[in-house]
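Pasting model_28.txt here (compact mmCIF, C-alpha atoms):
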```txt
# COMPACT_ATOMS: atom_id res chain seq x y z
CA MET A 1 0.00 0.00 0.00
CA GLY A 2 1.25 3.50 -0.78
CA ILE A 3 1.74 6.42 1.56
CA ALA A 4 -1.38 8.16 0.28
CA ALA A 5 -3.53 5.17 1.01
CA LEU A 6 -2.18 4.89 4.62
CA ALA A 7 -2.91 8.55 5.25
CA ALA A 8 -6.50 8.23 4.08
CA ALA A 9 -7.10 5.15 6.20
CA PHE A 10 -5.77 6.91 9.32
CA GLY A 11 -8.09 9.91 8.78
CA LEU A 12 -11.16 7.71 8.68
CA VAL A 13 -10.25 5.98 11.92
CA ALA A 14 -9.55 9.27 13.72
CA CYS A 15 -13.00 10.79 13.01
CA SER A 16 -15.26 7.78 13.37
CA GLY A 17 -16.39 8.65 16.97
CA GLY A 18 -17.71 12.14 16.31
CA GLY A 19 -21.42 11.14 15.90
CA THR A 20 -24.15 10.42 18.37
CA GLY A 21 -23.47 6.73 18.39
CA SER A 22 -20.96 4.66 20.27
CA ALA A 23 -17.71 6.24 21.27
CA SER A 24 -15.76 3.03 20.50
CA GLY A 25 -12.40 3.59 18.95
CA GLY A 26 -12.44 7.16 20.12
CA GLY A 27 -9.17 8.93 19.61
CA ALA A 28 -8.10 12.33 20.66
CA VAL A 29 -11.22 13.99 19.32
CA ALA A 30 -13.51 11.50 20.96
CA ALA A 31 -11.74 11.87 24.26
CA ALA A 32 -12.10 15.59 24.08
CA ALA A 33 -15.80 15.34 23.29
CA THR A 34 -16.57 13.08 26.22
CA ALA A 35 -14.45 14.78 28.90
CA PRO A 36 -16.52 16.17 31.70
CA SER A 37 -17.09 19.88 31.60
CA SER A 38 -15.08 21.88 34.01
CA SER A 39 -17.32 24.92 33.67
CA SER A 40 -19.37 24.06 36.72
CA SER A 41 -18.17 25.77 39.88
CA ALA A 42 -17.06 23.83 42.88
CA PRO A 43 -20.00 22.60 44.85
CA THR A 44 -20.93 24.71 47.82
CA SER A 45 -22.76 23.74 50.92
CA SER A 46 -26.45 24.35 50.48
CA SER A 47 -27.05 24.48 54.17
CA ALA A 48 -26.51 27.63 56.20
CA PRO A 49 -24.28 27.48 59.25
CA ALA A 50 -25.99 25.70 62.07
CA THR A 51 -27.86 27.98 64.42
CA SER A 52 -29.78 27.38 67.56
CA SER A 53 -33.15 25.92 66.73
CA SER A 54 -34.80 27.78 69.59
CA PRO A 55 -35.21 31.53 69.39
CA GLU A 56 -33.37 33.63 71.95
CA SER A 57 -35.35 33.75 75.15
CA THR A 58 -37.11 37.06 75.55
CA SER A 59 -38.77 36.26 78.84
CA THR A 60 -37.73 38.34 81.84
CA LYS A 61 -38.01 37.73 85.55
CA PRO A 62 -41.32 38.92 87.00
CA THR A 63 -41.05 42.36 88.51
CA PRO A 64 -41.20 41.94 92.27
CA LYS A 65 -44.13 43.67 93.89
CA PRO A 66 -43.14 46.58 96.08
CA ALA A 67 -43.16 45.72 99.74
CA PRO A 68 -46.28 47.02 101.47
CA LYS A 69 -45.70 50.20 103.39
CA PRO A 70 -45.66 49.64 107.14
CA ALA A 71 -48.74 50.85 108.90
CA PRO A 72 -48.19 54.23 110.46
CA LYS A 73 -47.40 54.07 114.09
CA PRO A 74 -50.15 55.40 116.27
CA LYS A 75 -49.31 58.76 117.64
CA ALA A 76 -48.53 58.69 121.29
CA ASP A 77 -50.75 60.79 123.49
CA PRO A 78 -48.97 63.98 124.42
CA GLU A 79 -47.61 63.93 127.91
CA PRO A 80 -49.75 65.99 130.26
CA SER A 81 -48.11 69.28 131.12
CA THR A 82 -47.97 70.91 134.52
CA ALA A 83 -47.73 74.32 132.86
CA ASP A 84 -51.48 74.92 133.22
CA VAL A 85 -51.79 73.53 136.73
CA PRO A 86 -52.33 76.53 139.03
CA CYS A 87 -51.66 74.64 142.27
CA GLU A 88 -48.09 75.15 143.47
CA ALA A 89 -48.54 73.20 146.70
CA ALA A 90 -50.06 70.20 144.90
CA ALA A 91 -47.29 70.30 142.27
CA ALA A 92 -44.64 70.40 144.99
CA ALA A 93 -46.11 67.51 146.97
CA SER A 94 -44.55 64.08 146.91
CA GLY A 95 -46.80 61.15 146.06
CA THR A 96 -50.30 61.71 144.71
CA SER A 97 -52.13 65.00 144.98
CA ALA A 98 -55.08 66.85 143.50
CA CYS A 99 -55.60 70.35 142.15
CA VAL A 100 -58.92 72.16 141.69
CA ASP A 101 -59.34 75.42 139.75
CA ILE A 102 -62.72 76.88 140.78
CA SER A 103 -62.94 79.62 138.14
CA ALA A 104 -61.86 77.36 135.27
CA HIS A 105 -64.02 74.43 136.45
CA ARG A 106 -61.09 72.05 136.02
CA ALA A 107 -59.35 69.47 138.19
CA TRP A 108 -56.16 67.38 137.94
CA LEU A 109 -54.42 64.46 139.60
CA LEU A 110 -50.65 64.60 140.02
CA GLN A 111 -47.92 62.14 140.94
CA ASP A 112 -44.73 63.63 142.36
CA GLY A 113 -45.51 66.95 140.72
CA LYS A 114 -46.40 65.51 137.27
CA VAL A 115 -49.91 65.42 135.86
CA ILE A 116 -51.21 61.86 135.57
CA TYR A 117 -54.87 62.69 134.90
CA GLY A 118 -56.72 65.76 133.71
CA PRO A 119 -57.69 68.38 133.33
CA VAL A 120 -61.25 67.14 133.74
CA SER A 121 -64.46 69.08 134.13
CA MET A 122 -65.77 69.80 137.61
CA LEU A 123 -68.46 71.96 139.19
CA PRO A 124 -67.96 73.61 142.60
CA GLY A 125 -70.33 74.84 145.28
CA ARG A 126 -73.02 77.40 144.56
CA THR A 127 -73.31 80.89 145.99
CA GLY A 128 -73.72 80.66 149.75
CA HIS A 129 -72.19 77.15 149.74
CA ALA A 130 -68.83 77.87 148.16
CA THR A 131 -66.17 75.20 147.97
CA PRO A 132 -63.42 76.15 150.46
CA ILE A 133 -60.22 77.64 149.04
CA GLY A 134 -56.82 76.50 150.34
CA THR A 135 -54.51 73.52 150.76
CA PHE A 136 -55.99 70.47 152.46
CA HIS A 137 -55.40 66.75 152.85
CA VAL A 138 -57.62 63.77 152.14
CA LEU A 139 -59.54 62.98 155.34
CA SER A 140 -61.47 59.86 154.35
CA LYS A 141 -62.96 57.90 151.45
CA GLU A 142 -66.35 56.25 151.03
CA LYS A 143 -67.42 54.27 147.98
CA MET A 144 -71.07 55.30 148.55
CA HIS A 145 -71.65 58.10 151.02
CA LEU A 146 -75.22 59.07 151.88
CA SER A 147 -75.56 62.73 152.79
CA LYS A 148 -77.47 63.03 156.08
CA GLU A 149 -77.68 66.76 155.57
CA PHE A 150 -79.54 66.35 152.28
CA ASP A 151 -81.97 63.50 152.88
CA ASN A 152 -79.44 60.70 152.36
CA ALA A 153 -78.57 61.94 148.89
CA PRO A 154 -76.11 59.45 147.35
CA MET A 155 -72.53 60.63 146.81
CA PRO A 156 -70.68 57.86 144.90
CA ASN A 157 -66.86 57.73 145.06
CA SER A 158 -66.57 60.29 147.85
CA VAL A 159 -63.10 61.55 148.74
CA PHE A 160 -63.39 64.01 151.64
CA PHE A 161 -60.74 66.73 151.86
CA TYR A 162 -62.67 69.14 154.14
CA PRO A 163 -65.36 68.43 156.74
CA GLY A 164 -68.56 67.92 154.74
CA ASP A 165 -66.91 68.54 151.33
CA ALA A 166 -65.63 65.89 148.97
CA PHE A 167 -64.91 64.94 145.40
CA HIS A 168 -67.78 62.72 144.24
CA THR A 169 -69.96 61.80 141.27
CA GLY A 170 -72.39 64.64 140.67
CA SER A 171 -74.07 66.83 138.09
CA LEU A 172 -71.88 68.94 135.86
CA LYS A 173 -74.85 71.26 135.26
CA VAL A 174 -76.04 71.86 138.81
CA TYR A 175 -73.73 73.49 141.37
CA SER A 176 -73.16 71.65 144.62
CA HIS A 177 -73.45 72.63 148.28
CA GLY A 178 -69.67 72.85 148.59
CA CYS A 179 -68.49 69.54 147.19
CA VAL A 180 -66.59 69.10 143.92
CA HIS A 181 -68.83 67.42 141.36
CA LEU A 182 -67.09 65.13 138.87
CA SER A 183 -68.31 62.80 136.14
CA ALA A 184 -68.71 59.15 137.10
CA THR A 185 -65.50 58.26 135.23
CA SER A 186 -63.47 61.06 136.78
CA SER A 187 -64.78 60.50 140.30
CA LEU A 188 -63.83 56.83 140.10
CA ARG A 189 -60.31 57.78 139.00
CA PHE A 190 -59.97 60.27 141.87
CA PHE A 191 -61.33 57.69 144.33
CA ASN A 192 -58.92 54.99 143.15
CA THR A 193 -55.90 57.31 142.99
CA LEU A 194 -56.05 59.48 146.10
CA HIS A 195 -55.19 58.18 149.55
CA VAL A 196 -55.81 59.49 153.03
CA GLY A 197 -53.24 62.22 153.74
CA ASP A 198 -52.71 63.24 150.09
CA VAL A 199 -52.56 66.98 149.34
CA VAL A 200 -55.64 68.62 147.82
CA GLN A 201 -55.27 72.22 146.76
CA VAL A 202 -58.23 74.36 145.72
CA VAL A 203 -57.61 77.72 144.04
CA SER A 204 -60.11 80.36 142.96
```
Show me, as structure tokens, the structure contained in the file I just sent.
Amino acid sequence: MGIAALAAAFGLVACSGGGTGSASGGGAVAAAATAPSSSSSAPTSSSAPATSSSPESTSTKPTPKPAPKPAPKPKADPEPSTADVPCEAAAAASGTSACVDISAHRAWLLQDGKVIYGPVSMLPGRTGHATPIGTFHVLSKEKMHLSKEFDNAPMPNSVFFYPGDAFHTGSLKVYSHGCVHLSATSSLRFFNTLHVGDVVQVVS
């Protein structure tokens, strides 16, 4: 066979795999046709970086309720003052004593010069039967004295400081015959507080 014939035969073999059929006998051209394309980019991860599946907690601690304000302390009763007590002798006496202000219609109880009760309302003797003025001492006490002079009139909680005259429960609208009328509550306090020998001062 001549050189021309060999060249023609080689050309047919080299191009026989260019169709859609089998790639058998594929030479350089066939290899190039079937090489995988390198145009596709490198694969990338389709999944996003892992994140927490639960959303960030937005709950907050419950706001504590403000502590209830403490109840206001009850105001203490003001301490009785001796400034208005007009009885110097009663204020200077040791132990318990009593003071009576006729014009002001007030009375007090004192302990070692300090007021422990009063002033309270009182009513003295009427005209012609005035309550005696001066400094006296408790003479006697009777829980229920009956006045012989006035038809056995009852005189509860009587504390006598002058013959015939006493602190006792009586009207605060009707003047007495010399005694010192007190309310039932006040007369009981005077009766329970004063003792025989205690100073009683009555001022006009």
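Atom CA of Gly113 of chain A sits 7.0 Å away from atom CA of Ala90 of chain A.
Among the candidates A:Tyr175, A:Phe136, A:Phe191, A:Tyr162, the one nearest to Pro124 of chain A when counting all atoms listed in the file is A:Tyr175.
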Neighbours of point (-62.4, 82.8, 143.3) within 8 Å, using all atoms listed in the file, written as a VMD selection string: chain A and resid 102 to 103 203 to 204
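All residues that come within 12 Å of the coordinates (-73.0, 73.9, 146.5), counting all atoms listed in the file, are given as Leu123, Pro124, Gly125, Arg126, Thr127, Gly128, His129, Ala130, Thr131, Pro132, Phe150, Gly164, Asp165, Ala166, Gly170, Ser171, Leu172, Lys173, Val174, Tyr175, Ser176, His177, Gly178, Cys179, Val180 and His181 of chain A.
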Report, in Å to a single decimal, how far apart atom CA of Val199 of chain A and atom CA of Cys99 of chain A are.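 Calculated distance between atom CA of Cys99 of chain A and atom CA of Val199 of chain A is 8.5 Å.
Here atom CA of Val100 of chain A stands at a distance of 15.1 Å from atom CA of Thr169 of chain A.
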Point out the residue among A:Ala104, A:Ile116, A:Ala92, A:Leu188 with the least atom-to-atom distance to Lys143 of chain A, counting all atoms listed in the file. A:Leu188
Centre, x/y/z edge lengths, axis-aligned box for segment 161-177 of chain A with 6 Å per side, as lines of an AutoDock Vina configuration file:
```
center_x = -68.4
center_y = 67.6
center_z = 146.0
size_x = 27.3
size_y = 23.7
size_z = 33.5
```
Would you mind completing segment 180-191 of chain A so that it carries all heavy atoms, and writing it out as a compact mmCIF listing (two decimals), in the coordinates of the input?
```txt
# COMPACT_ATOMS: atom_id res chain seq x y z
N VAL A 180 -67.10 69.00 145.29
CA VAL A 180 -66.59 69.10 143.92
C VAL A 180 -67.24 68.00 143.11
O VAL A 180 -66.94 66.82 143.30
CB VAL A 180 -65.06 68.97 143.87
CG1 VAL A 180 -64.57 68.97 142.42
CG2 VAL A 180 -64.39 70.09 144.66
N HIS A 181 -68.16 68.40 142.23
CA HIS A 181 -68.83 67.42 141.36
C HIS A 181 -67.91 67.00 140.22
O HIS A 181 -67.29 67.84 139.56
CB HIS A 181 -70.10 68.02 140.76
CG HIS A 181 -71.25 68.07 141.71
ND1 HIS A 181 -72.50 68.58 141.35
CD2 HIS A 181 -71.38 67.66 143.00
CE1 HIS A 181 -73.33 68.48 142.37
NE2 HIS A 181 -72.67 67.94 143.38
N LEU A 182 -67.85 65.70 139.99
CA LEU A 182 -67.09 65.13 138.87
C LEU A 182 -67.98 64.16 138.11
O LEU A 182 -68.98 63.68 138.65
CB LEU A 182 -65.85 64.38 139.39
CG LEU A 182 -64.79 65.19 140.14
CD1 LEU A 182 -63.80 64.24 140.81
CD2 LEU A 182 -64.06 66.15 139.22
N SER A 183 -67.59 63.85 136.88
CA SER A 183 -68.31 62.80 136.14
C SER A 183 -68.06 61.47 136.83
O SER A 183 -67.14 61.32 137.65
CB SER A 183 -67.82 62.73 134.69
OG SER A 183 -66.49 62.22 134.65
N ALA A 184 -68.87 60.47 136.48
CA ALA A 184 -68.71 59.15 137.10
C ALA A 184 -67.31 58.58 136.83
O ALA A 184 -66.67 58.01 137.71
CB ALA A 184 -69.79 58.20 136.57
N THR A 185 -66.84 58.77 135.59
CA THR A 185 -65.50 58.26 135.23
C THR A 185 -64.41 58.97 136.02
O THR A 185 -63.50 58.34 136.57
CB THR A 185 -65.26 58.43 133.73
OG1 THR A 185 -66.23 57.68 133.00
CG2 THR A 185 -63.87 57.94 133.34
N SER A 186 -64.50 60.29 136.08
CA SER A 186 -63.47 61.06 136.78
C SER A 186 -63.50 60.81 138.28
O SER A 186 -62.45 60.68 138.92
CB SER A 186 -63.66 62.56 136.50
OG SER A 186 -63.46 62.84 135.13
N SER A 187 -64.70 60.72 138.85
CA SER A 187 -64.78 60.50 140.30
C SER A 187 -64.19 59.14 140.69
O SER A 187 -63.54 59.00 141.73
CB SER A 187 -66.23 60.61 140.79
OG SER A 187 -67.01 59.52 140.32
N LEU A 188 -64.39 58.15 139.83
CA LEU A 188 -63.83 56.83 140.10
C LEU A 188 -62.30 56.89 140.05
O LEU A 188 -61.62 56.28 140.89
CB LEU A 188 -64.35 55.82 139.07
CG LEU A 188 -63.83 54.38 139.23
CD1 LEU A 188 -64.24 53.81 140.59
CD2 LEU A 188 -64.35 53.50 138.09
N ARG A 189 -61.77 57.65 139.10
CA ARG A 189 -60.31 57.78 139.00
C ARG A 189 -59.77 58.50 140.24
O ARG A 189 -58.74 58.09 140.81
CB ARG A 189 -59.95 58.54 137.73
CG ARG A 189 -58.46 58.69 137.48
CD ARG A 189 -57.81 57.34 137.17
NE ARG A 189 -56.40 57.48 136.87
CZ ARG A 189 -55.91 57.65 135.64
NH1 ARG A 189 -56.73 57.68 134.59
NH2 ARG A 189 -54.61 57.76 135.45
N PHE A 190 -60.42 59.56 140.68
CA PHE A 190 -59.97 60.27 141.87
C PHE A 190 -60.06 59.35 143.09
O PHE A 190 -59.15 59.32 143.92
CB PHE A 190 -60.83 61.52 142.10
CG PHE A 190 -60.32 62.75 141.38
CD1 PHE A 190 -60.23 62.79 139.99
CD2 PHE A 190 -59.94 63.88 142.09
CE1 PHE A 190 -59.77 63.91 139.33
CE2 PHE A 190 -59.47 65.01 141.44
CZ PHE A 190 -59.37 65.04 140.05
N PHE A 191 -61.14 58.58 143.18
CA PHE A 191 -61.33 57.69 144.33
C PHE A 191 -60.24 56.62 144.36
O PHE A 191 -59.70 56.29 145.43
CB PHE A 191 -62.71 57.02 144.24
CG PHE A 191 -63.04 56.14 145.42
CD1 PHE A 191 -63.58 56.68 146.59
CD2 PHE A 191 -62.81 54.78 145.37
CE1 PHE A 191 -63.89 55.87 147.67
CE2 PHE A 191 -63.10 53.96 146.45
CZ PHE A 191 -63.64 54.50 147.61
```
